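Have a look at the structure below before the remarks.
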Amino acid sequence: MWIGERIQEMKLAGIRRFAQMAGWNVVPVSEADSRPGRLRGLLAAHRPDGVIVECSAARRDLPPSRFRGLPVVYLDCSRGLYGRRATRVVHDVRLTAGTAFRELAVSRPVGYAFVGYRERRSWSWLRGKAFDALVRRTGGRCRVFGVRDESRTARADRLAAWVARLPMRTAVFAANDETAREVAQAAWQTGRRIPQDFTLLGVDNIVSVCTEGEPSLTSVQVDFERAGYQAAAALEPLLQGRAAPGGVTRFGPLMVLRRASTHGSGRRNPDVAASIARIRREACDGLTAAAVVRGLGHSRRLFEMRFREVMGHSVLEEIQRVRMEKVFFLLKETDKPIGTLAAFCGYRSDIALRKAFRTRTGLSMAEWRRRNGRK
């Protein structure tokens, strides 16, 4: 499996979650089918109402003109790509860099370092810039291993020499998991030990990369599922003619998956990630907090503690957040009677929903719909 495939699956899951609420049919199109001639044929065959273009792995430009005037949202789009008139969903690198910095700071390192991706990529440069700014803000110094036009062998040699010179107890932030694995390999070649000599953290939580060697790698899990959901949500008003193209929506990190490279071998939480995915799929089908925990092999109390440590709130609060997200959508984008919404959104009764909604917004659902519903 291509290591980016799981990321695309998560984004598509978010798109499908919104599409299910909106009553859309989603037709995925491969990168190979985005060639101009092939793309024209697909548009003619499927006659879509709108398009979401996933940009992170794109090898060719797909400007709005390619889609014959259809509404387009660009997902995981680089800063400035396609101009201000394009509707974009972009990764907030400052939030991810901040999450990485807070995680690495726990061990109270003597200094920090950043290792950029092997090729020139704006996302790598922006992550390094944001991380360096955070380090400087605390009065520290960030050593940077930058990109050069060189072979992989030359890069590996240069990286090994750089790692060998790192001060003991440096905290290293790598641009992504693949880069973090390069750093781990360089450490092995030079006899440096992770996490004893320095700690190491990557981004994306590509499990096959993070666990394929020693040490296993701590990684920031980016909220790709929410990115997909946000892209679909940004497309909705374009389809309805209630918004003009343009504007930026940002997505950020979901959690840190702690493994051995940051002394985290005793604090792994893959069950939290699996539970969040299940909540987003099933919260509106009556899923309970007890059902989330059941079958994980943990006591309810222990798992709740781990979940709260990662997410900052309880399992039940996450369930309620996803349910309320759907309530807002149905109120704003549909004409469904208010008295039927509880059944669609997983609430025990209409009374329970009305109480939760007023607590959340300070308004009744009827008042909220009048202010925010379709014009």
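Naming works like this for the structure tokens: A, B, ... for the chains as they're shown, residue 1 at the start of each chain, ligands 1 onward in shown order.
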Review point. Within 12 Å of Ala342 of chain A, counting only C-alpha atoms, which residues qualify if same-chain residues fewer than 4 places away don't, as a ChimeraX atom specification?
Key: /A:284-286,323-324,326-328,330-331,336-338,346-357,365
Practice item. Pick out the residues sitting within 8 Å of segment 230-238 of chain A, and hand them over as a list in words; count only C-alpha atoms, and ignore anything fewer than 4 positions along from it in its own chain. Key: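 Surrounding residues, per the criterion: Gly14, Ile15, Phe18, Ala19, Gly50, Val51, Ile52, Pro71, Val72, Val73, Tyr74, Leu75, Thr87, Arg88, Val89, Arg226, Arg242, Ala243, Ala244, Pro245 and Thr249 of chain A.
Proximity ranking of A:Gln320, A:Thr288, A:Ser275, A:Thr199 relative to Phe307 of chain A places A:Ser275 first, based on only C-alpha atoms.
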Practice item. DSSP on the backbone, then: every residue of segment 217-354 of chain A marked strand (DSSP E or B), written as a list of chain:residue names. Key: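 After running DSSP on the backbone, segment 217-354 of chain A has strand (DSSP E or B) at A:Thr218, A:Ser219, A:Val220, A:Gln221, A:Val222, A:Val248, A:Thr249, A:Arg250, A:Phe251, A:Pro253, A:Leu254, A:Met255, A:Val256, A:Leu257.
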Check your understanding: Looking only at the backbone, which of the residues in segment 116-166 of chain A does DSSP tag as alpha helix (DSSP H), as a ChimeraX atom specification?
Key -> /A:122-137,152-164
Check your understanding: Arg120 of chain A: which residues within 10 Å, counting only C-alpha atoms, same-chain residues fewer than 5 positions away excluded, as a list in words?
Key ->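 Using only C-alpha atoms, the neighbours found are Trp125, Gly146, Val147, Arg148 and Asp149 of chain A.
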Check your understanding: atom CA of Tyr229 of chain A and atom CA of Arg16 of chain A, how far apart in Å?
Key ->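 It comes out at 7.6 Å.
Take the candidates A:Gly252, A:Asp157, A:Tyr112, A:Ser216 and check each one against Val144 of chain A using only C-alpha atoms; the shortest distance goes to A:Tyr112.
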Exercise for review: Would you list the contacts of Leu166 of chain A as a PyMOL selection string, taking every protein, DNA or RNA residue within 12 Å and counting only C-alpha atoms, but skipping same-chain residues closer than 6 positions in sequence?
Suggested key: chain A and resi 109-114+142-145+159-160+172+183+186-187+190+192-193+197-199
Take the residues just selected and output them with C-alpha atoms as an mmCIF file, in the first residue's frame.
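Output below, filename again_16.cif:
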data_model
loop_
_atom_site.group_PDB
_atom_site.id
_atom_site.type_symbol
_atom_site.label_atom_id
_atom_site.label_comp_id
_atom_site.auth_asym_id
_atom_site.auth_seq_id
_atom_site.Cartn_x
_atom_site.Cartn_y
_atom_site.Cartn_z
ATOM 1 C CA PRO A 109 15.317 19.200 26.185
ATOM 2 C CA VAL A 110 18.452 21.328 26.068
ATOM 3 C CA GLY A 111 17.552 22.439 22.540
ATOM 4 C CA TYR A 112 15.419 21.768 19.471
ATOM 5 C CA ALA A 113 15.998 20.824 15.838
ATOM 6 C CA PHE A 114 13.931 20.516 12.671
ATOM 7 C CA CYS A 142 16.324 25.583 16.654
ATOM 8 C CA ARG A 143 18.932 23.786 14.546
ATOM 9 C CA VAL A 144 17.595 23.192 11.021
ATOM 10 C CA PHE A 145 18.561 20.464 8.574
ATOM 11 C CA LEU A 159 22.092 13.777 7.684
ATOM 12 C CA ALA A 160 24.220 11.209 9.524
ATOM 13 C CA VAL A 172 13.967 16.747 16.941
ATOM 14 C CA VAL A 183 16.602 10.562 11.106
ATOM 15 C CA ALA A 186 21.003 8.193 10.590
ATOM 16 C CA ALA A 187 21.080 7.840 14.373
ATOM 17 C CA THR A 190 26.235 6.955 13.961
ATOM 18 C CA ARG A 192 23.241 7.738 18.614
ATOM 19 C CA ARG A 193 20.390 6.359 20.706
ATOM 20 C CA ASP A 197 20.410 10.779 23.325
ATOM 21 C CA PHE A 198 17.643 12.762 21.636
ATOM 22 C CA THR A 199 13.882 12.535 21.171
#
Review point. Taking into account only C-alpha atoms, which residue in the set A:Ala171, A:Ala260, A:Val248, A:Leu200 is nearest to Val90 of chain A?
Key: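 Among the listed residues, A:Val248 lies closest to Val90 of chain A.
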Exercise for review: Pick out the closest residue to Arg169 of chain A from this set: A:Trp123, A:Arg136, A:Thr262, A:Leu254. Count only C-alpha atoms.
Suggested key: A:Thr262
